[in-house]
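Visitor: This is work15.txt (compact mmCIF, C-alpha atoms).
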```txt
# COMPACT_ATOMS: atom_id res chain seq x y z
CA MET G 1 79.65 -80.30 -4.16
CA SER G 2 76.91 -81.24 -6.65
CA HIS G 3 74.53 -78.63 -8.04
CA SER G 4 71.55 -80.31 -6.31
CA ILE G 5 73.26 -80.13 -2.89
CA GLU G 6 74.10 -76.48 -3.51
CA LYS G 7 70.46 -75.78 -4.42
CA LEU G 8 69.27 -77.64 -1.31
CA ASP G 9 71.52 -75.48 0.87
CA LEU G 10 70.18 -72.35 -0.82
CA LEU G 11 66.62 -73.50 -0.08
CA LYS G 12 67.44 -74.11 3.60
CA ASN G 13 69.04 -70.69 3.97
CA LYS G 14 66.18 -68.98 2.15
CA LEU G 15 63.54 -70.68 4.31
CA GLN G 16 65.30 -69.79 7.56
CA SER G 17 65.77 -66.18 6.49
CA LEU G 18 62.06 -65.86 5.64
CA PHE G 19 60.74 -67.79 8.65
CA PRO G 20 63.31 -67.78 11.48
CA GLU G 21 60.87 -69.03 14.16
CA PRO G 22 59.33 -72.54 14.37
CA GLY G 23 55.85 -73.09 12.96
CA MET G 24 53.71 -73.65 9.86
CA PHE G 25 53.76 -70.64 7.55
CA GLN G 26 51.52 -69.53 4.69
CA THR G 27 53.76 -67.95 2.07
CA GLY G 28 51.17 -65.69 0.47
CA ILE G 29 51.23 -67.90 -2.64
CA ASN G 30 48.01 -69.90 -2.88
CA GLY G 31 48.50 -73.53 -1.83
CA PHE G 32 52.19 -73.07 -0.95
CA ARG G 33 53.36 -73.21 2.65
CA ALA G 34 56.48 -73.92 4.69
CA SER G 35 57.13 -75.72 7.96
CA LEU G 36 60.00 -75.41 10.41
CA ARG G 37 60.02 -77.54 13.57
CA THR G 38 62.68 -77.61 16.27
CA GLU G 39 61.30 -80.52 18.33
CA PRO G 40 60.19 -84.07 17.47
CA THR G 41 56.46 -84.84 17.41
CA PHE G 42 54.74 -88.17 17.97
CA ASN G 43 51.69 -89.90 16.52
CA GLN G 44 49.90 -86.94 14.98
CA HIS G 45 46.68 -88.01 13.26
CA CYS G 46 45.95 -86.08 10.09
CA PHE G 47 44.88 -86.28 6.47
CA TYR G 48 47.49 -85.88 3.75
CA ASN G 49 45.68 -84.02 0.98
CA PRO G 50 46.84 -84.21 -2.67
CA MET G 51 50.18 -82.48 -2.32
CA VAL G 52 53.92 -82.63 -2.76
CA ILE G 53 56.19 -82.26 0.27
CA LEU G 54 59.85 -81.39 -0.21
CA ILE G 55 61.97 -82.26 2.83
CA LEU G 56 64.90 -79.87 3.17
CA GLN G 57 66.21 -81.19 6.50
CA GLY G 58 65.37 -83.72 9.22
CA GLN G 59 63.29 -86.87 9.10
CA LYS G 60 59.62 -87.80 9.42
CA LYS G 61 57.76 -91.10 9.60
CA ALA G 62 54.20 -91.74 8.48
CA ILE G 63 51.97 -94.80 8.80
CA LEU G 64 49.41 -95.44 6.07
CA GLY G 65 47.41 -98.52 7.00
CA SER G 66 49.98 -101.26 7.51
CA THR G 67 52.70 -99.46 5.50
CA ASP G 68 55.41 -97.37 7.14
CA PHE G 69 57.01 -94.51 5.21
CA THR G 70 60.21 -92.71 6.24
CA TYR G 71 61.26 -89.57 4.40
CA GLN G 72 64.21 -87.30 4.91
CA GLU G 73 66.45 -84.58 3.48
CA LYS G 74 66.26 -84.03 -0.31
CA GLN G 75 63.28 -86.33 -0.74
CA LEU G 76 59.83 -85.69 -2.18
CA VAL G 77 56.57 -87.12 -0.88
CA VAL G 78 53.63 -87.11 -3.30
CA THR G 79 50.03 -87.97 -2.41
CA SER G 80 47.19 -88.00 -4.92
CA ILE G 81 44.11 -88.36 -2.70
CA ASP G 82 43.06 -87.50 0.86
CA ILE G 83 44.84 -90.18 2.91
CA PRO G 84 44.49 -90.55 6.70
CA THR G 85 47.91 -91.03 8.29
CA VAL G 86 49.64 -91.12 11.65
CA SER G 87 52.92 -89.20 11.46
CA SER G 88 55.89 -88.37 13.71
CA ILE G 89 58.80 -85.99 13.19
CA SER G 90 61.72 -88.16 14.28
CA GLU G 91 64.65 -85.79 13.68
CA ALA G 92 64.38 -82.11 14.67
CA SER G 93 66.34 -79.77 16.95
CA LYS G 94 67.09 -76.07 17.36
CA GLU G 95 70.49 -76.62 15.76
CA LYS G 96 69.07 -78.68 12.90
CA PRO G 97 65.31 -78.00 12.44
CA PHE G 98 62.96 -80.22 10.49
CA MET G 99 62.23 -78.12 7.38
CA THR G 100 59.72 -78.74 4.58
CA LEU G 101 58.02 -76.98 1.70
CA ILE G 102 54.47 -78.09 0.88
CA LEU G 103 52.55 -77.42 -2.34
CA ASP G 104 48.93 -78.47 -2.81
CA LEU G 105 48.43 -80.30 -6.09
CA ASP G 106 45.83 -79.04 -8.56
CA ASN G 107 43.86 -81.86 -10.19
CA TYR G 108 42.53 -79.52 -12.89
CA LEU G 109 46.08 -78.52 -13.82
CA ILE G 110 47.17 -82.18 -13.85
CA SER G 111 44.25 -83.06 -16.16
CA GLN G 112 45.25 -80.20 -18.46
CA LEU G 113 48.83 -81.45 -18.65
CA LEU G 114 47.65 -85.02 -19.23
CA SER G 115 45.53 -83.86 -22.17
CA GLU G 116 48.58 -82.25 -23.80
CA GLU G 117 50.71 -85.40 -23.86
CA HIS G 118 50.08 -89.10 -24.39
CA TYR G 119 50.41 -91.25 -21.31
CA VAL G 120 49.78 -94.97 -21.07
CA GLN G 121 47.11 -95.79 -18.52
CA GLU G 122 48.27 -98.34 -15.95
CA GLN G 123 46.45 -101.68 -16.02
CA THR G 124 46.32 -102.08 -12.24
CA PRO G 125 45.58 -99.34 -9.70
CA PRO G 126 49.01 -98.14 -8.49
CA ARG G 127 49.99 -96.50 -5.25
CA THR G 128 48.52 -93.19 -4.13
CA MET G 129 51.51 -92.11 -2.02
CA GLY G 130 55.19 -92.35 -2.87
CA ILE G 131 58.68 -91.07 -2.05
CA ALA G 132 61.56 -90.23 -4.38
CA GLU G 133 64.78 -88.23 -4.46
CA ALA G 134 64.30 -84.60 -5.55
CA ASP G 135 66.36 -83.84 -8.65
CA GLU G 136 67.96 -80.52 -9.51
CA PRO G 137 65.16 -79.20 -11.80
CA LEU G 138 62.57 -79.68 -9.03
CA LEU G 139 64.82 -78.14 -6.38
CA ASP G 140 65.42 -75.19 -8.68
CA ALA G 141 61.69 -74.72 -9.33
CA PHE G 142 60.94 -74.77 -5.59
CA TYR G 143 63.75 -72.27 -4.97
CA ARG G 144 62.31 -69.86 -7.54
CA LEU G 145 58.83 -70.27 -6.04
CA LEU G 146 60.09 -69.66 -2.50
CA SER G 147 62.05 -66.61 -3.68
CA LEU G 148 58.78 -65.03 -4.86
CA VAL G 149 57.74 -64.67 -1.20
CA GLU G 150 60.04 -61.64 -1.12
CA GLN G 151 58.72 -60.36 -4.46
CA PRO G 152 54.94 -59.99 -4.06
CA GLU G 153 54.72 -57.77 -7.15
CA ARG G 154 55.88 -60.73 -9.30
CA GLN G 155 53.77 -63.45 -7.69
CA LYS G 156 50.61 -63.01 -9.74
CA VAL G 157 52.40 -63.69 -13.03
CA MET G 158 55.33 -65.89 -12.02
CA ALA G 159 53.88 -68.18 -9.34
CA PRO G 160 51.31 -69.93 -11.62
CA MET G 161 54.04 -70.55 -14.21
CA ILE G 162 56.39 -72.14 -11.67
CA ILE G 163 53.58 -74.17 -10.08
CA ARG G 164 52.65 -75.51 -13.52
CA GLU G 165 56.32 -76.40 -14.09
CA ILE G 166 56.43 -78.33 -10.78
CA HIS G 167 53.29 -80.26 -11.72
CA TYR G 168 54.84 -81.15 -15.10
CA LEU G 169 58.13 -82.25 -13.51
CA LEU G 170 56.23 -84.47 -11.07
CA LEU G 171 54.11 -86.01 -13.83
CA THR G 172 57.23 -86.92 -15.79
CA SER G 173 59.11 -88.21 -12.72
CA SER G 174 59.16 -91.66 -11.12
CA LEU G 175 56.16 -90.51 -9.03
CA GLY G 176 54.07 -89.61 -12.08
CA ASP G 177 51.96 -92.78 -11.96
CA ILE G 178 50.56 -91.65 -8.59
CA LEU G 179 49.11 -88.51 -10.19
CA ARG G 180 48.09 -90.04 -13.52
CA SER G 181 46.06 -92.85 -11.95
CA VAL G 182 43.72 -90.47 -10.12
CA ASN G 183 43.34 -87.98 -12.97
CA MET G 184 42.75 -90.35 -15.90
CA LYS G 185 39.02 -90.76 -16.47
CA GLY G 186 37.72 -94.28 -16.00
CA SER G 187 40.63 -95.57 -13.91
CA ARG G 188 39.81 -97.35 -10.65
CA ASN G 189 41.77 -94.78 -8.65
CA SER G 190 39.82 -92.01 -10.36
CA GLN G 191 36.53 -93.64 -9.34
CA ILE G 192 37.71 -94.08 -5.75
CA ALA G 193 38.92 -90.45 -5.70
CA GLY G 194 35.40 -89.42 -6.74
CA ALA G 195 33.92 -91.49 -3.91
CA ILE G 196 36.31 -89.90 -1.43
CA ALA G 197 35.32 -86.41 -2.62
CA TRP G 198 31.66 -87.37 -2.13
CA LEU G 199 32.36 -88.70 1.38
CA LYS G 200 34.13 -85.47 2.35
CA GLU G 201 31.03 -83.51 1.42
CA ASN G 202 28.51 -85.96 2.92
CA TYR G 203 30.27 -87.61 5.87
CA ARG G 204 27.43 -86.69 8.25
CA GLN G 205 24.98 -88.89 6.33
CA THR G 206 24.37 -92.59 7.01
CA LEU G 207 26.71 -94.46 4.69
CA ARG G 208 25.21 -97.06 2.36
CA ILE G 209 28.06 -98.86 0.57
CA GLU G 210 25.91 -100.34 -2.20
CA GLN G 211 24.48 -96.95 -3.17
CA LEU G 212 27.91 -95.29 -3.10
CA ALA G 213 29.37 -98.06 -5.28
CA GLN G 214 26.52 -97.67 -7.78
CA LYS G 215 27.07 -93.92 -7.85
CA PHE G 216 30.58 -94.53 -9.17
CA ASN G 217 29.66 -97.42 -11.48
CA MET G 218 31.26 -100.20 -9.48
CA ALA G 219 30.03 -103.47 -8.04
CA GLU G 220 29.84 -103.34 -4.25
CA SER G 221 32.53 -106.00 -3.69
CA SER G 222 34.89 -104.39 -6.23
CA PHE G 223 34.31 -100.93 -4.76
CA TYR G 224 35.00 -102.14 -1.23
CA ARG G 225 38.19 -103.93 -2.31
CA HIS G 226 39.60 -101.02 -4.31
CA PHE G 227 38.67 -98.45 -1.66
CA ASN G 228 40.57 -100.45 0.93
CA LYS G 229 43.55 -100.85 -1.41
CA VAL G 230 43.77 -97.11 -2.06
CA THR G 231 43.14 -95.80 1.48
CA SER G 232 44.04 -98.80 3.69
CA LEU G 233 40.60 -98.33 5.27
CA SER G 234 37.07 -99.51 4.61
CA PRO G 235 34.60 -96.80 3.47
CA LEU G 236 32.99 -96.87 6.94
CA GLN G 237 36.37 -96.48 8.69
CA TYR G 238 37.22 -93.62 6.35
CA GLN G 239 33.94 -91.87 7.13
CA LYS G 240 34.63 -92.34 10.86
CA ARG G 241 38.05 -90.66 10.48
CA LEU G 242 36.46 -87.71 8.69
CA ARG G 243 33.90 -87.32 11.48
CA LEU G 244 36.41 -87.58 14.32
CA TYR G 245 38.95 -85.21 12.75
CA GLU G 246 36.24 -82.62 12.11
CA ALA G 247 34.95 -83.01 15.66
CA GLN G 248 38.46 -82.44 16.97
CA ARG G 249 38.76 -79.30 14.82
CA LEU G 250 35.41 -77.97 16.07
CA MET G 251 36.40 -78.46 19.71
CA PHE G 252 39.90 -77.05 19.28
CA ALA G 253 39.32 -74.15 16.89
CA GLU G 254 35.73 -73.18 17.70
CA ASN G 255 35.52 -74.16 21.41
CA ILE G 256 32.47 -76.37 20.84
CA ASP G 257 31.83 -78.93 23.58
CA ALA G 258 32.12 -82.66 22.88
CA ALA G 259 28.38 -83.39 22.80
CA ASN G 260 27.64 -80.66 20.25
CA ALA G 261 30.68 -81.56 18.16
CA ALA G 262 29.52 -85.19 18.07
CA TYR G 263 26.06 -84.15 16.92
CA GLN G 264 27.40 -81.77 14.26
CA VAL G 265 29.55 -84.44 12.62
CA GLY G 266 26.76 -87.03 12.50
CA TYR G 267 26.91 -89.04 15.73
CA GLU G 268 23.59 -89.89 17.39
CA SER G 269 25.21 -91.37 20.52
CA THR G 270 27.57 -89.27 22.65
CA SER G 271 28.88 -92.37 24.41
CA GLN G 272 29.73 -94.00 21.08
CA PHE G 273 31.48 -90.80 19.99
CA ASN G 274 33.51 -90.68 23.22
CA ARG G 275 34.56 -94.35 22.84
CA GLU G 276 35.61 -93.97 19.22
CA TYR G 277 37.36 -90.64 19.86
CA LYS G 278 39.46 -92.12 22.69
CA ARG G 279 40.29 -95.15 20.55
CA MET G 280 41.51 -92.84 17.77
CA PHE G 281 43.38 -90.15 19.71
CA GLY G 282 44.30 -92.00 22.92
CA LEU G 283 42.43 -89.61 25.24
CA PRO G 284 38.79 -88.56 25.84
CA PRO G 285 37.73 -85.52 23.77
CA LYS G 286 38.15 -82.81 26.43
CA ALA G 287 41.51 -84.13 27.66
CA ASN G 288 42.83 -84.44 24.11
CA VAL G 289 41.82 -80.88 23.16
CA ASN G 290 43.29 -79.46 26.37
CA GLN G 291 46.53 -81.29 25.62
CA MET G 292 46.60 -79.80 22.10
CA LYS G 293 46.07 -76.28 23.47
CA ASN G 294 48.95 -76.70 25.92
CA ILE G 295 51.49 -77.83 23.31
```
Is it possible to give me this structure as structure tokens?
Guide:
Amino acid sequence: MSHSIEKLDLLKNKLQSLFPEPGMFQTGINGFRASLRTEPTFNQHCFYNPMVILILQGQKKAILGSTDFTYQEKQLVVTSIDIPTVSSISEASKEKPFMTLILDLDNYLISQLLSEEHYVQEQTPPRTMGIAEADEPLLDAFYRLLSLVEQPERQKVMAPMIIREIHYLLLTSSLGDILRSVNMKGSRNSQIAGAIAWLKENYRQTLRIEQLAQKFNMAESSFYRHFNKVTSLSPLQYQKRLRLYEAQRLMFAENIDAANAAYQVGYESTSQFNREYKRMFGLPPKANVNQMKNI
């Protein structure tokens, strides 16, 4: 048995000993969480934030625009911007749960690491999501980070060191271009990432593409083209996703009715909101939220 397979087995056993029941778990280490699912899921709409996902067991599929991704045991998924996806856990059971570790990526830390070494900036905007095999150093770093869950007195000092190590290992891996492109000043992906950050803060406002393009020093046609290439959506479609996902959260988590949720996220027409919500989630707002609460 190879060392990486042994380390993977250790990670599985550690995760199940810490979190024996299904669910999403906060580990107590900032930005680091674990997931254990015993049943498949289908067509879950969500945003993948900048993060690295380590799959310990099972299989999941995600759709980004017209591209399908499948990731499974011992693979890493890295995303560098907030990407809307539709995902399904395709392999999960009580005997063999779907198990993942998720670490949010820190753009400030990535920029620090980039400033310490020389990297060649890519000429064309590369991908913003990718999958690769997890090597032994990364598996080992994740194991040491997960082990700190049982050692809270060591977390304050050790966790930042291990998280920095994981960021460095990712930057120097085959997925490093995904992180470099967003965090190198002046790159197209960096400009689009800035526009996405602005949209997340101002999604309730009426969107004017020309003004947003000017804000990030791009011609309108170039901005539109690169935004679509990075996110697989137009800026207006992206804004719509932000509004609908936030409306869903308001109704589910805060028990706000559909009309008020629509108004809070920037819709002026309740009927338009209801149409677009059903088109996105497959059910009218109230029926969709009730379904979520009964799962």
Visitor: For Gln239 (chain G), which residue out of G:Thr67, G:Thr41, G:Ser87, G:Thr206 is the nearest one, using only C-alpha atoms?
Guide: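 Under the stated criterion, the closest residue is G:Thr206.
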Visitor: Can you work out the spacing between CA of His3 (chain G) and CA of Leu101 (chain G) in Å, to one decimal?
Guide: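 Value for the CA of His3 (chain G)-CA of Leu101 (chain G) distance: 19.2 Å.
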Visitor: Tell me which of G:Val265, G:Ala247, G:Gly31, G:Lys229 sits closest to Phe281 (chain G), counting only C-alpha atoms.
Guide: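 When distances to Phe281 (chain G) are compared using only C-alpha atoms, the smallest one comes from G:Ala247.
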Visitor: What is the distance, in Å and to one decimal place, between CA of Ser35 (chain G) and CA of Gly282 (chain G)?
Guide: 25.6 Å
Visitor: Could you list, as a ChimeraX atom specification, every residue within 12 Å of Ala258 (chain G), counting all atoms listed in the file and ignoring same-chain residues fewer than 5 positions away?
Guide: /G:244,246-252,263-265,267,269-275,277-278,284-289
Visitor: Every residue with an atom at most 12 Å from (33.4, -91.9, -2.7) (file coordinates; all atoms listed in the file) is what I'm after, so could you write them as a PyMOL selection string?
Guide: chain G and resi 81-82+188-203+207-218+223-224+226-228+230-231+234-236+238-239
Visitor: Could you name the residues that touch region 91-94 of chain G at 12 Å or less, counting all atoms listed in the file, but leaving out those on the same chain fewer than 6 positions away, as a PyMOL selection string?
Guide: chain G and resi 16+20-22+35-42+55-61+70-73+100
Visitor: Quote the spacing between CA of Gly130 (chain G) and CA of Thr79 (chain G) in Å to one decimal place.
Guide: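 The value is 6.8 Å.
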Visitor: Would you mind listing what lies within 8 Å of region 102-119 of chain G as number ranges by chain, with only C-alpha atoms counted and same-chain residues fewer than 6 positions away left out?
Guide: G: 31-35, 49-54, 80, 164, 167-168, 171, 179-180, 183-184
Visitor: From the set G:Gln205, G:Arg144, G:Lys185, G:Val149, which residue has the shortest atom-to-atom contact distance to Met161 (chain G), counting only C-alpha atoms?
Guide: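 Closest to Met161 (chain G), using only C-alpha atoms: G:Arg144.
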Visitor: Give me the box for region 58-72 of chain G as JSON, namely the centre and edge lengths in Å to one decimal of a box along x, y and z that holds every listed atom plus 6 Å on each side.
Guide:
```
{"center_x": 56.4, "center_y": -92.5, "center_z": 7.0, "size_x": 30.0, "size_y": 29.5, "size_z": 17.2}
```
Visitor: Given only C-alpha atoms as the basis, pick out the residue of G:Met280, G:Ala261, G:Ile89, G:Leu18 nearest to Ser147 (chain G).
Guide: G:Leu18
Visitor: Would you mind telling me which residue in G:Glu276, G:Phe69, G:Gln75, G:Met24 lies nearest to Ile5 (chain G) when using only C-alpha atoms?
Guide: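 Result for the nearest residue to Ile5 (chain G): G:Gln75.
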Visitor: Which is closer to Ser66 (chain G) than all the others in G:Glu254, G:Arg243, G:Arg225, G:Leu233, using all atoms listed in the file?
Guide: G:Leu233
